[in-house]
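As stored in final.pdb (PDB, C-alpha atoms (C1' of nucleotides)):
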ATOM      1  CA  MET T  17     -93.628 -65.001 -17.296
ATOM      2  CA  ASN T  18     -90.478 -66.545 -18.615
ATOM      3  CA  ASN T  19     -88.447 -66.925 -15.441
ATOM      4  CA  LEU T  20     -85.167 -67.208 -17.315
ATOM      5  CA  LEU T  21     -85.608 -63.584 -18.365
ATOM      6  CA  LYS T  22     -85.896 -62.271 -14.804
ATOM      7  CA  LEU T  23     -82.967 -60.125 -13.752
ATOM      8  CA  GLU T  24     -82.553 -62.020 -10.512
ATOM      9  CA  ASN T  25     -82.089 -65.253 -12.437
ATOM     10  CA  GLN T  26     -79.265 -63.964 -14.583
ATOM     11  CA  VAL T  27     -75.768 -65.273 -13.942
ATOM     12  CA  CYS T  28     -74.084 -62.613 -16.003
ATOM     13  CA  PHE T  29     -75.625 -59.580 -14.382
ATOM     14  CA  PRO T  30     -74.037 -60.155 -10.936
ATOM     15  CA  LEU T  31     -70.748 -60.677 -12.723
ATOM     16  CA  TYR T  32     -71.108 -57.377 -14.569
ATOM     17  CA  ALA T  33     -72.202 -55.600 -11.395
ATOM     18  CA  LEU T  34     -69.435 -57.095  -9.262
ATOM     19  CA  SER T  35     -66.765 -56.253 -11.781
ATOM     20  CA  ARG T  36     -67.817 -52.595 -11.669
ATOM     21  CA  GLU T  37     -68.143 -52.707  -7.887
ATOM     22  CA  VAL T  38     -64.610 -54.022  -7.546
ATOM     23  CA  THR T  39     -63.263 -51.271  -9.775
ATOM     24  CA  GLN T  40     -64.944 -48.847  -7.399
ATOM     25  CA  LEU T  41     -63.222 -50.496  -4.453
ATOM     26  CA  TYR T  42     -59.872 -49.935  -6.134
ATOM     27  CA  ARG T  43     -60.604 -46.293  -6.887
ATOM     28  CA  PRO T  44     -59.523 -44.620  -3.621
ATOM     29  CA  PHE T  45     -56.216 -46.515  -3.623
ATOM     30  CA  LEU T  46     -55.572 -45.945  -7.306
ATOM     31  CA  ASP T  47     -56.505 -42.277  -7.013
ATOM     32  CA  ASP T  48     -53.527 -41.923  -4.684
ATOM     33  CA  LEU T  49     -51.319 -43.196  -7.507
ATOM     34  CA  GLY T  50     -53.140 -41.239 -10.191
ATOM     35  CA  LEU T  51     -54.013 -44.458 -12.016
ATOM     36  CA  THR T  52     -57.206 -45.919 -13.416
ATOM     37  CA  TYR T  53     -57.850 -49.630 -12.993
ATOM     38  CA  PRO T  54     -56.824 -50.610 -16.557
ATOM     39  CA  GLN T  55     -53.715 -48.444 -16.200
ATOM     40  CA  TYR T  56     -52.930 -50.235 -12.927
ATOM     41  CA  LEU T  57     -53.181 -53.574 -14.742
ATOM     42  CA  VAL T  58     -50.670 -52.350 -17.322
ATOM     43  CA  MET T  59     -48.326 -51.334 -14.514
ATOM     44  CA  LEU T  60     -48.669 -54.758 -12.871
ATOM     45  CA  ILE T  61     -47.505 -56.397 -16.092
ATOM     46  CA  LEU T  62     -44.626 -53.992 -16.593
ATOM     47  CA  TRP T  63     -43.493 -54.180 -12.957
ATOM     48  CA  GLU T  64     -43.340 -57.927 -13.373
ATOM     49  CA  GLU T  65     -41.430 -57.684 -16.669
ATOM     50  CA  ASN T  66     -40.444 -54.370 -18.162
ATOM     51  CA  GLN T  67     -40.305 -53.639 -21.895
ATOM     52  CA  GLN T  68     -43.340 -55.181 -23.466
ATOM     53  CA  THR T  69     -44.905 -54.531 -26.831
ATOM     54  CA  VAL T  70     -48.437 -53.201 -27.182
ATOM     55  CA  ASN T  71     -49.361 -56.591 -28.562
ATOM     56  CA  GLN T  72     -47.985 -58.448 -25.538
ATOM     57  CA  LEU T  73     -49.900 -56.176 -23.188
ATOM     58  CA  GLY T  74     -53.016 -56.692 -25.274
ATOM     59  CA  GLU T  75     -52.750 -60.472 -25.163
ATOM     60  CA  LYS T  76     -52.408 -60.491 -21.409
ATOM     61  CA  LEU T  77     -55.246 -58.035 -20.809
ATOM     62  CA  TYR T  78     -57.461 -59.146 -23.713
ATOM     63  CA  LEU T  79     -57.430 -55.597 -25.056
ATOM     64  CA  ASP T  80     -56.714 -54.344 -28.566
ATOM     65  CA  SER T  81     -54.783 -51.335 -29.812
ATOM     66  CA  GLY T  82     -58.010 -49.358 -30.061
ATOM     67  CA  THR T  83     -58.151 -49.421 -26.281
ATOM     68  CA  LEU T  84     -54.462 -49.588 -25.480
ATOM     69  CA  THR T  85     -53.029 -46.901 -27.735
ATOM     70  CA  PRO T  86     -54.920 -43.980 -26.171
ATOM     71  CA  LEU T  87     -54.567 -45.476 -22.678
ATOM     72  CA  LEU T  88     -50.805 -45.823 -23.089
ATOM     73  CA  LYS T  89     -50.569 -42.296 -24.480
ATOM     74  CA  ARG T  90     -52.210 -40.999 -21.317
ATOM     75  CA  MET T  91     -49.763 -43.010 -19.208
ATOM     76  CA  GLU T  92     -46.916 -41.582 -21.270
ATOM     77  CA  GLN T  93     -48.169 -38.059 -20.587
ATOM     78  CA  LYS T  94     -48.027 -38.833 -16.874
ATOM     79  CA  ARG T  95     -44.354 -39.812 -17.408
ATOM     80  CA  ILE T  96     -44.834 -43.256 -15.877
ATOM     81  CA  ILE T  97     -44.083 -45.138 -19.118
ATOM     82  CA  THR T  98     -42.367 -44.478 -22.438
ATOM     83  CA  ARG T  99     -43.493 -45.581 -25.896
ATOM     84  CA  THR T 100     -40.683 -46.215 -28.376
ATOM     85  CA  ARG T 101     -40.718 -47.788 -31.808
ATOM     86  CA  SER T 102     -38.587 -50.886 -32.050
ATOM     87  CA  THR T 103     -35.631 -50.342 -34.348
ATOM     88  CA  ALA T 104     -35.637 -54.029 -35.294
ATOM     89  CA  ASP T 105     -39.260 -53.867 -36.417
ATOM     90  CA  GLU T 106     -40.650 -50.415 -36.995
ATOM     91  CA  ARG T 107     -44.233 -51.632 -36.622
ATOM     92  CA  VAL T 108     -43.688 -52.533 -32.995
ATOM     93  CA  VAL T 109     -44.008 -50.103 -30.094
ATOM     94  CA  ILE T 110     -42.190 -51.033 -26.900
ATOM     95  CA  ILE T 111     -43.635 -49.884 -23.605
ATOM     96  CA  SER T 112     -41.201 -49.316 -20.730
ATOM     97  CA  VAL T 113     -41.654 -48.175 -17.153
ATOM     98  CA  THR T 114     -39.856 -44.927 -16.284
ATOM     99  CA  ASP T 115     -38.154 -44.269 -12.947
ATOM    100  CA  ILE T 116     -41.282 -42.468 -11.837
ATOM    101  CA  GLY T 117     -43.348 -45.497 -12.780
ATOM    102  CA  GLU T 118     -40.947 -47.826 -11.014
ATOM    103  CA  LYS T 119     -41.187 -45.786  -7.830
ATOM    104  CA  MET T 120     -44.965 -46.185  -7.798
ATOM    105  CA  LYS T 121     -44.533 -49.896  -7.265
ATOM    106  CA  GLU T 122     -43.612 -49.470  -3.632
ATOM    107  CA  LYS T 123     -46.734 -47.461  -2.937
ATOM    108  CA  ALA T 124     -48.768 -50.119  -4.737
ATOM    109  CA  THR T 125     -47.594 -53.091  -2.702
ATOM    110  CA  CYS T 126     -50.281 -52.602  -0.081
ATOM    111  CA  ILE T 127     -53.144 -52.415  -2.594
ATOM    112  CA  PRO T 128     -53.871 -56.149  -3.022
ATOM    113  CA  ALA T 129     -54.238 -56.648   0.729
ATOM    114  CA  LYS T 130     -56.405 -53.555   1.075
ATOM    115  CA  LEU T 131     -58.617 -54.787  -1.672
ATOM    116  CA  VAL T 132     -59.069 -58.191  -0.141
ATOM    117  CA  GLU T 133     -60.114 -56.415   3.038
ATOM    118  CA  ALA T 134     -62.501 -54.132   1.146
ATOM    119  CA  LEU T 135     -64.055 -57.103  -0.629
ATOM    120  CA  GLY T 136     -64.957 -58.572   2.740
ATOM    121  CA  LEU T 137     -64.676 -62.184   1.614
ATOM    122  CA  SER T 138     -62.945 -64.948   3.490
ATOM    123  CA  ILE T 139     -59.756 -66.371   1.986
ATOM    124  CA  ASP T 140     -61.681 -69.508   1.098
ATOM    125  CA  ASP T 141     -64.401 -67.592  -0.695
ATOM    126  CA  LEU T 142     -61.773 -65.517  -2.430
ATOM    127  CA  ASN T 143     -59.942 -68.575  -3.710
ATOM    128  CA  GLN T 144     -63.179 -70.162  -4.795
ATOM    129  CA  LEU T 145     -64.162 -66.968  -6.617
ATOM    130  CA  LYS T 146     -60.837 -66.805  -8.386
ATOM    131  CA  GLN T 147     -60.871 -70.463  -9.289
ATOM    132  CA  ILE T 148     -64.358 -70.541 -10.784
ATOM    133  CA  VAL T 149     -63.975 -67.225 -12.600
ATOM    134  CA  THR T 150     -60.633 -68.284 -14.045
ATOM    135  CA  LYS T 151     -62.172 -71.562 -15.113
ATOM    136  CA  ALA T 152     -64.946 -69.751 -16.963
ATOM    137  CA  LEU T 153     -62.423 -67.425 -18.564
ATOM    138  CA  LYS T 154     -60.289 -70.264 -19.911
ATOM    139  CA  ARG T 155     -62.740 -71.442 -22.565
TER     140      ARG T 155
ATOM    141  CA  MET Z  24     -40.588 -59.478  -6.472
ATOM    142  CA  ASN Z  25     -43.749 -58.862  -4.578
ATOM    143  CA  ASN Z  26     -45.871 -61.786  -5.679
ATOM    144  CA  LEU Z  27     -49.094 -60.134  -4.674
ATOM    145  CA  LEU Z  28     -48.525 -57.633  -7.481
ATOM    146  CA  LYS Z  29     -48.271 -60.268 -10.196
ATOM    147  CA  LEU Z  30     -51.143 -60.177 -12.668
ATOM    148  CA  GLU Z  31     -51.695 -63.911 -12.373
ATOM    149  CA  ASN Z  32     -52.211 -63.587  -8.624
ATOM    150  CA  GLN Z  33     -54.954 -60.987  -8.912
ATOM    151  CA  VAL Z  34     -58.507 -62.013  -8.090
ATOM    152  CA  CYS Z  35     -60.048 -58.960  -9.629
ATOM    153  CA  PHE Z  36     -58.443 -59.155 -13.039
ATOM    154  CA  PRO Z  37     -60.125 -62.450 -14.056
ATOM    155  CA  LEU Z  38     -63.384 -60.946 -12.866
ATOM    156  CA  TYR Z  39     -62.872 -57.878 -15.024
ATOM    157  CA  ALA Z  40     -61.783 -59.990 -17.990
ATOM    158  CA  LEU Z  41     -64.649 -62.474 -17.627
ATOM    159  CA  SER Z  42     -67.234 -59.736 -17.365
ATOM    160  CA  ARG Z  43     -66.071 -58.298 -20.674
ATOM    161  CA  GLU Z  44     -65.814 -61.762 -22.204
ATOM    162  CA  VAL Z  45     -69.406 -62.512 -21.240
ATOM    163  CA  THR Z  46     -70.605 -59.270 -22.785
ATOM    164  CA  GLN Z  47     -68.887 -60.406 -25.974
ATOM    165  CA  LEU Z  48     -70.740 -63.728 -25.800
ATOM    166  CA  TYR Z  49     -74.033 -61.841 -25.638
ATOM    167  CA  ARG Z  50     -73.155 -59.619 -28.577
ATOM    168  CA  PRO Z  51     -74.263 -61.789 -31.529
ATOM    169  CA  PHE Z  52     -77.627 -62.503 -29.891
ATOM    170  CA  LEU Z  53     -78.176 -58.916 -28.812
ATOM    171  CA  ASP Z  54     -77.134 -57.617 -32.224
ATOM    172  CA  ASP Z  55     -80.150 -59.443 -33.619
ATOM    173  CA  LEU Z  56     -82.340 -57.391 -31.288
ATOM    174  CA  GLY Z  57     -80.383 -54.188 -31.851
ATOM    175  CA  LEU Z  58     -79.582 -53.969 -28.144
ATOM    176  CA  THR Z  59     -76.405 -53.447 -26.160
ATOM    177  CA  TYR Z  60     -75.888 -55.459 -22.981
ATOM    178  CA  PRO Z  61     -76.876 -52.649 -20.580
ATOM    179  CA  GLN Z  62     -79.923 -51.915 -22.741
ATOM    180  CA  TYR Z  63     -80.831 -55.611 -22.573
ATOM    181  CA  LEU Z  64     -80.657 -55.435 -18.777
ATOM    182  CA  VAL Z  65     -83.064 -52.498 -18.799
ATOM    183  CA  MET Z  66     -85.443 -54.501 -20.977
ATOM    184  CA  LEU Z  67     -85.246 -57.493 -18.609
ATOM    185  CA  ILE Z  68     -86.388 -55.256 -15.759
ATOM    186  CA  LEU Z  69     -89.177 -53.669 -17.764
ATOM    187  CA  TRP Z  70     -90.402 -56.966 -19.192
ATOM    188  CA  GLU Z  71     -90.659 -58.216 -15.654
ATOM    189  CA  GLU Z  72     -92.483 -55.105 -14.468
ATOM    190  CA  ASN Z  73     -93.346 -52.279 -16.819
ATOM    191  CA  GLN Z  74     -93.347 -48.600 -15.851
ATOM    192  CA  GLN Z  75     -90.341 -47.958 -13.722
ATOM    193  CA  THR Z  76     -88.686 -44.696 -12.802
ATOM    194  CA  VAL Z  77     -85.109 -43.929 -13.778
ATOM    195  CA  ASN Z  78     -84.257 -44.194 -10.098
ATOM    196  CA  GLN Z  79     -85.754 -47.663  -9.775
ATOM    197  CA  LEU Z  80     -83.825 -48.865 -12.806
ATOM    198  CA  GLY Z  81     -80.692 -47.311 -11.366
ATOM    199  CA  GLU Z  82     -81.078 -49.054  -8.029
ATOM    200  CA  LYS Z  83     -81.502 -52.432  -9.664
ATOM    201  CA  LEU Z  84     -78.598 -51.988 -12.071
ATOM    202  CA  TYR Z  85     -76.366 -49.930  -9.764
ATOM    203  CA  LEU Z  86     -76.251 -47.177 -12.364
ATOM    204  CA  ASP Z  87     -76.829 -43.447 -11.983
ATOM    205  CA  SER Z  88     -78.643 -40.963 -14.189
ATOM    206  CA  GLY Z  89     -75.350 -39.983 -15.784
ATOM    207  CA  THR Z  90     -75.276 -43.415 -17.376
ATOM    208  CA  LEU Z  91     -78.991 -44.086 -17.654
ATOM    209  CA  THR Z  92     -80.283 -40.836 -19.110
ATOM    210  CA  PRO Z  93     -78.332 -41.045 -22.395
ATOM    211  CA  LEU Z  94     -78.816 -44.821 -22.565
ATOM    212  CA  LEU Z  95     -82.582 -44.471 -22.155
ATOM    213  CA  LYS Z  96     -82.671 -41.683 -24.725
ATOM    214  CA  ARG Z  97     -81.062 -44.018 -27.249
ATOM    215  CA  MET Z  98     -83.635 -46.694 -26.400
ATOM    216  CA  GLU Z  99     -86.371 -44.120 -26.841
ATOM    217  CA  GLN Z 100     -85.027 -43.253 -30.292
ATOM    218  CA  LYS Z 101     -85.286 -46.933 -31.214
ATOM    219  CA  ARG Z 102     -88.980 -46.759 -30.172
ATOM    220  CA  ILE Z 103     -88.631 -49.635 -27.719
ATOM    221  CA  ILE Z 104     -89.370 -47.524 -24.641
ATOM    222  CA  THR Z 105     -90.986 -44.192 -23.799
ATOM    223  CA  ARG Z 106     -89.837 -41.582 -21.282
ATOM    224  CA  THR Z 107     -92.593 -39.538 -19.664
ATOM    225  CA  ARG Z 108     -92.536 -37.135 -16.734
ATOM    226  CA  SER Z 109     -94.758 -38.224 -13.887
ATOM    227  CA  THR Z 110     -97.657 -35.835 -13.387
ATOM    228  CA  ALA Z 111     -97.741 -36.628  -9.668
ATOM    229  CA  ASP Z 112     -94.088 -35.630  -9.253
ATOM    230  CA  GLU Z 113     -92.576 -33.629 -12.057
ATOM    231  CA  ARG Z 114     -89.050 -34.624 -11.054
ATOM    232  CA  VAL Z 115     -89.695 -38.257 -11.874
ATOM    233  CA  VAL Z 116     -89.361 -39.809 -15.331
ATOM    234  CA  ILE Z 117     -91.267 -43.015 -15.958
ATOM    235  CA  ILE Z 118     -89.870 -45.527 -18.416
ATOM    236  CA  SER Z 119     -92.349 -47.777 -20.223
ATOM    237  CA  VAL Z 120     -91.947 -50.515 -22.811
ATOM    238  CA  THR Z 121     -93.649 -49.836 -26.142
ATOM    239  CA  ASP Z 122     -95.419 -52.486 -28.211
ATOM    240  CA  ILE Z 123     -92.250 -52.820 -30.259
ATOM    241  CA  GLY Z 124     -90.270 -53.352 -27.085
ATOM    242  CA  GLU Z 125     -92.775 -55.880 -25.818
ATOM    243  CA  LYS Z 126     -92.531 -57.874 -29.029
ATOM    244  CA  MET Z 127     -88.784 -58.193 -28.608
ATOM    245  CA  LYS Z 128     -89.344 -60.261 -25.513
ATOM    246  CA  GLU Z 129     -90.326 -63.325 -27.498
ATOM    247  CA  LYS Z 130     -87.137 -63.181 -29.529
ATOM    248  CA  ALA Z 131     -85.170 -62.788 -26.312
ATOM    249  CA  THR Z 132     -86.493 -65.878 -24.540
ATOM    250  CA  CYS Z 133     -83.840 -68.121 -26.067
ATOM    251  CA  ILE Z 134     -80.923 -65.877 -25.091
ATOM    252  CA  PRO Z 135     -80.324 -67.130 -21.523
ATOM    253  CA  ALA Z 136     -80.060 -70.742 -22.689
ATOM    254  CA  LYS Z 137     -77.801 -69.785 -25.576
ATOM    255  CA  LEU Z 138     -75.550 -67.915 -23.232
ATOM    256  CA  VAL Z 139     -75.252 -70.804 -20.813
ATOM    257  CA  GLU Z 140     -74.228 -72.924 -23.766
ATOM    258  CA  ALA Z 141     -71.727 -70.315 -24.957
ATOM    259  CA  LEU Z 142     -70.224 -70.060 -21.479
ATOM    260  CA  GLY Z 143     -69.459 -73.758 -21.596
ATOM    261  CA  LEU Z 144     -69.832 -74.299 -17.863
ATOM    262  CA  SER Z 145     -71.704 -77.135 -16.216
ATOM    263  CA  ILE Z 146     -74.903 -76.292 -14.347
ATOM    264  CA  ASP Z 147     -73.068 -76.911 -11.089
ATOM    265  CA  ASP Z 148     -70.248 -74.557 -11.980
ATOM    266  CA  LEU Z 149     -72.763 -72.008 -13.166
ATOM    267  CA  ASN Z 150     -74.670 -72.120  -9.894
ATOM    268  CA  GLN Z 151     -71.459 -71.931  -7.931
ATOM    269  CA  LEU Z 152     -70.321 -68.957  -9.981
ATOM    270  CA  LYS Z 153     -73.598 -67.169  -9.437
ATOM    271  CA  GLN Z 154     -73.676 -67.940  -5.740
ATOM    272  CA  ILE Z 155     -70.166 -66.742  -4.964
ATOM    273  CA  VAL Z 156     -70.396 -63.661  -7.176
ATOM    274  CA  THR Z 157     -73.738 -62.708  -5.655
ATOM    275  CA  LYS Z 158     -72.290 -63.201  -2.194
ATOM    276  CA  ALA Z 159     -69.404 -60.846  -2.976
ATOM    277  CA  LEU Z 160     -71.822 -58.318  -4.438
ATOM    278  CA  LYS Z 161     -74.031 -58.247  -1.354
ATOM    279  CA  ARG Z 162     -71.545 -56.426   0.891
TER     280      ARG Z 162
ATOM    281  C1'  DC Y   8     -37.073 -58.835 -56.947
ATOM    282  C1'  DA Y   9     -41.996 -57.239 -57.350
ATOM    283  C1'  DC Y  10     -46.233 -57.829 -55.426
ATOM    284  C1'  DA Y  11     -49.531 -59.975 -52.502
ATOM    285  C1'  DA Y  12     -50.559 -61.125 -47.898
ATOM    286  C1'  DT Y  13     -49.749 -60.501 -43.109
ATOM    287  C1'  DT Y  14     -48.772 -58.049 -38.933
ATOM    288  C1'  DA Y  15     -48.506 -54.082 -35.516
ATOM    289  C1'  DT Y  16     -50.262 -50.107 -34.267
ATOM    290  C1'  DA Y  17     -53.195 -45.998 -34.970
ATOM    291  C1'  DT Y  18     -57.547 -43.715 -35.967
ATOM    292  C1'  DT Y  19     -62.529 -42.947 -35.980
ATOM    293  C1'  DG Y  20     -66.899 -43.436 -34.152
ATOM    294  C1'  DT Y  21     -70.351 -45.275 -30.794
ATOM    295  C1'  DG Y  22     -71.750 -46.472 -26.294
ATOM    296  C1'  DC Y  23     -71.135 -47.133 -21.748
ATOM    297  C1'  DA Y  24     -69.416 -45.823 -16.633
ATOM    298  C1'  DC Y  25     -68.851 -42.460 -13.423
ATOM    299  C1'  DA Y  26     -67.412 -38.053 -11.022
ATOM    300  C1'  DA Y  27     -68.909 -33.471 -10.556
ATOM    301  C1'  DT Y  28     -72.128 -30.129 -11.180
ATOM    302  C1'  DC Y  29     -76.629 -28.150 -12.435
ATOM    303  C1'  DT Y  30     -81.712 -27.501 -12.592
ATOM    304  C1'  DA Y  31     -86.208 -28.109 -11.307
ATOM    305  C1'  DT Y  32     -89.411 -29.859  -8.184
ATOM    306  C1'  DA Y  33     -90.807 -31.446  -3.786
ATOM    307  C1'  DT Y  34     -90.455 -31.697   1.230
ATOM    308  C1'  DT Y  35     -89.186 -30.160   5.677
ATOM    309  C1'  DT Y  36     -88.799 -26.905   9.222
ATOM    310  C1'  DG Y  37     -88.549 -22.741  11.719
TER     311       DG Y  37
ATOM    312  C1'  DC L  21     -95.970 -19.775   4.589
ATOM    313  C1'  DA L  22     -90.957 -18.769   3.386
ATOM    314  C1'  DA L  23     -86.460 -20.366   3.448
ATOM    315  C1'  DA L  24     -83.563 -24.319   3.817
ATOM    316  C1'  DT L  25     -82.954 -28.930   2.484
ATOM    317  C1'  DA L  26     -83.567 -32.998  -0.107
ATOM    318  C1'  DT L  27     -84.571 -35.521  -4.227
ATOM    319  C1'  DA L  28     -84.874 -36.846  -9.366
ATOM    320  C1'  DG L  29     -82.971 -36.431 -13.318
ATOM    321  C1'  DA L  30     -79.959 -33.958 -16.814
ATOM    322  C1'  DT L  31     -75.517 -32.216 -18.308
ATOM    323  C1'  DT L  32     -70.488 -32.036 -18.902
ATOM    324  C1'  DG L  33     -66.168 -34.028 -19.161
ATOM    325  C1'  DT L  34     -62.868 -37.981 -18.895
ATOM    326  C1'  DG L  35     -61.598 -42.602 -19.745
ATOM    327  C1'  DC L  36     -62.342 -46.979 -21.110
ATOM    328  C1'  DA L  37     -64.138 -50.969 -24.591
ATOM    329  C1'  DC L  38     -64.644 -52.341 -29.010
ATOM    330  C1'  DA L  39     -65.981 -52.530 -34.055
ATOM    331  C1'  DA L  40     -64.361 -51.030 -38.332
ATOM    332  C1'  DT L  41     -61.046 -49.167 -40.950
ATOM    333  C1'  DA L  42     -56.512 -47.117 -42.154
ATOM    334  C1'  DT L  43     -51.488 -46.957 -42.469
ATOM    335  C1'  DA L  44     -47.048 -48.483 -42.545
ATOM    336  C1'  DA L  45     -43.690 -52.040 -42.118
ATOM    337  C1'  DT L  46     -42.555 -56.838 -42.747
ATOM    338  C1'  DT L  47     -42.839 -61.379 -44.690
ATOM    339  C1'  DG L  48     -44.032 -64.739 -48.052
ATOM    340  C1'  DT L  49     -44.387 -66.141 -52.840
ATOM    341  C1'  DG L  50     -44.305 -66.499 -57.750
TER     342       DG L  50
END
Kindly return the structure encoded in the file as structure tokens.
Amino acid sequence: MNNLLKLENQVCFPLYALSREVTQLYRPFLDDLGLTYPQYLVMLILWEENQQTVNQLGEKLYLDSGTLTPLLKRMEQKRIITRTRSTADERVVIISVTDIGEKMKEKATCIPAKLVEALGLSIDDLNQLKQIVTKALKR
Amino acid sequence: MNNLLKLENQVCFPLYALSREVTQLYRPFLDDLGLTYPQYLVMLILWEENQQTVNQLGEKLYLDSGTLTPLLKRMEQKRIITRTRSTADERVVIISVTDIGEKMKEKATCIPAKLVEALGLSIDDLNQLKQIVTKALKR
DNA sequence: CACAATTATATTGTGCACAATCTATATTTG
DNA sequence: CAAATATAGATTGTGCACAATATAATTGTG
């Protein structure tokens, strides 16, 4: 048997499984806000700096318009963001947080800490995880 | 500004991004086999030990029948697996690799090495990544 | 300036992921 | 043994991801 083909010897499978597991850990907290995990990521970006184009969001999240357009439309329907064409360049759509979306931020402040707790890793392990994963991502 | 809510300070976002990135790295190799990444994972399990129930696959992959049933049906259509009800327990569906599916294994042997290369991480980093991710997954 | 090339977003189609529910079979228990 | 319970898998519906393509606006070039 080719040992490299055993599931337990895969590096990528635990990564795939953990990524989904973590999304599950977020779910109860995000349910309270009525957000999905990718929608939460969009809100993080906009809370940090409002008014971003679809392209800018896509570059930060590594997502294309095929994913973002419908996702942003759903967020617009929830009245937490607006989508407006730029007058300077009609191709561009600018995404802005509404007052409702801005108010969610306060309720979201506790989420990172709750997630760290739910993950059950020490701060050291957490930093190591972030460092090595970020390193792998940077190539 | 609450720094904990900045995208760059998230631990989980790089994990989510890397998981998708890795799936993209697999794509060209898996395209040659006509498999998606989750389908490839199913094949890894079956190549290791043929004849597994949907439940057993689900426990190993952390997936439920809502995901697996349609996925396995697509694999059945490609003639790489069969789905047969157990006669001992009519609730159970047994998944088996066909000859066609078995032959794919040879073409797949090179994939793990190619992926390690594509990831561009040293063996040490790779082991560290696996160890810490597996540790986080085990809780 | 016309036209070719580029850019930004949208659309279409496929395949997961997962919650919620359903169905059929098996097991437990009174 | 019959009714209650549990289990295995299937179904339905929603929301990503992402490839491929389309559309419309902008920019570059002869």
Which residues are near Glu37 of chain T? Cut-off 8 Å, only C-alpha atoms (C1' of nucleotides), ignore same chain within fewer than 4 positions. Put them as JSON, numbers by chain.
{"T": [33, 41], "Z": [160]}
Can you turn the PyMOL selection byres ((chain L) within 9 of (chain T)) into a concrete residue list for this file, as an MDAnalysis selection string?
chainID L and resid 35:38 44:46
Give me, please, the distance in Å between atom CA of Leu57 of chain T and atom CA of Leu28 of chain Z, quoted to one decimal.
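According to the coordinates, atom CA of Leu57 of chain T and atom CA of Leu28 of chain Z are separated by 9.5 Å.
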Reference answer for the PyMOL selection byres ((chain Z) within 9 of (chain T)), as an mmCIF file with C-alpha atoms, in the frame of the given file:
data_model
loop_
_atom_site.group_PDB
_atom_site.id
_atom_site.type_symbol
_atom_site.label_atom_id
_atom_site.label_comp_id
_atom_site.auth_asym_id
_atom_site.auth_seq_id
_atom_site.Cartn_x
_atom_site.Cartn_y
_atom_site.Cartn_z
ATOM 1 C CA MET Z 24 -40.588 -59.478 -6.472
ATOM 2 C CA ASN Z 25 -43.749 -58.862 -4.578
ATOM 3 C CA ASN Z 26 -45.871 -61.786 -5.679
ATOM 4 C CA LEU Z 27 -49.094 -60.134 -4.674
ATOM 5 C CA LEU Z 28 -48.525 -57.633 -7.481
ATOM 6 C CA LYS Z 29 -48.271 -60.268 -10.196
ATOM 7 C CA LEU Z 30 -51.143 -60.177 -12.668
ATOM 8 C CA GLN Z 33 -54.954 -60.987 -8.912
ATOM 9 C CA VAL Z 34 -58.507 -62.013 -8.090
ATOM 10 C CA CYS Z 35 -60.048 -58.960 -9.629
ATOM 11 C CA PHE Z 36 -58.443 -59.155 -13.039
ATOM 12 C CA PRO Z 37 -60.125 -62.450 -14.056
ATOM 13 C CA LEU Z 38 -63.384 -60.946 -12.866
ATOM 14 C CA TYR Z 39 -62.872 -57.878 -15.024
ATOM 15 C CA ALA Z 40 -61.783 -59.990 -17.990
ATOM 16 C CA LEU Z 41 -64.649 -62.474 -17.627
ATOM 17 C CA SER Z 42 -67.234 -59.736 -17.365
ATOM 18 C CA ARG Z 43 -66.071 -58.298 -20.674
ATOM 19 C CA GLU Z 44 -65.814 -61.762 -22.204
ATOM 20 C CA VAL Z 45 -69.406 -62.512 -21.240
ATOM 21 C CA THR Z 46 -70.605 -59.270 -22.785
ATOM 22 C CA LEU Z 64 -80.657 -55.435 -18.777
ATOM 23 C CA LEU Z 67 -85.246 -57.493 -18.609
ATOM 24 C CA ILE Z 68 -86.388 -55.256 -15.759
ATOM 25 C CA TRP Z 70 -90.402 -56.966 -19.192
ATOM 26 C CA GLU Z 71 -90.659 -58.216 -15.654
ATOM 27 C CA LYS Z 83 -81.502 -52.432 -9.664
ATOM 28 C CA LEU Z 84 -78.598 -51.988 -12.071
ATOM 29 C CA TYR Z 85 -76.366 -49.930 -9.764
ATOM 30 C CA LYS Z 128 -89.344 -60.261 -25.513
ATOM 31 C CA ALA Z 131 -85.170 -62.788 -26.312
ATOM 32 C CA THR Z 132 -86.493 -65.878 -24.540
ATOM 33 C CA CYS Z 133 -83.840 -68.121 -26.067
ATOM 34 C CA ILE Z 134 -80.923 -65.877 -25.091
ATOM 35 C CA PRO Z 135 -80.324 -67.130 -21.523
ATOM 36 C CA ALA Z 136 -80.060 -70.742 -22.689
ATOM 37 C CA VAL Z 139 -75.252 -70.804 -20.813
ATOM 38 C CA LEU Z 142 -70.224 -70.060 -21.479
ATOM 39 C CA GLY Z 143 -69.459 -73.758 -21.596
ATOM 40 C CA LEU Z 144 -69.832 -74.299 -17.863
ATOM 41 C CA ASP Z 148 -70.248 -74.557 -11.980
ATOM 42 C CA LEU Z 149 -72.763 -72.008 -13.166
ATOM 43 C CA ASN Z 150 -74.670 -72.120 -9.894
ATOM 44 C CA GLN Z 151 -71.459 -71.931 -7.931
ATOM 45 C CA LEU Z 152 -70.321 -68.957 -9.981
ATOM 46 C CA LYS Z 153 -73.598 -67.169 -9.437
ATOM 47 C CA GLN Z 154 -73.676 -67.940 -5.740
ATOM 48 C CA ILE Z 155 -70.166 -66.742 -4.964
ATOM 49 C CA VAL Z 156 -70.396 -63.661 -7.176
ATOM 50 C CA THR Z 157 -73.738 -62.708 -5.655
ATOM 51 C CA LYS Z 158 -72.290 -63.201 -2.194
ATOM 52 C CA ALA Z 159 -69.404 -60.846 -2.976
ATOM 53 C CA LEU Z 160 -71.822 -58.318 -4.438
ATOM 54 C CA ARG Z 162 -71.545 -56.426 0.891
#
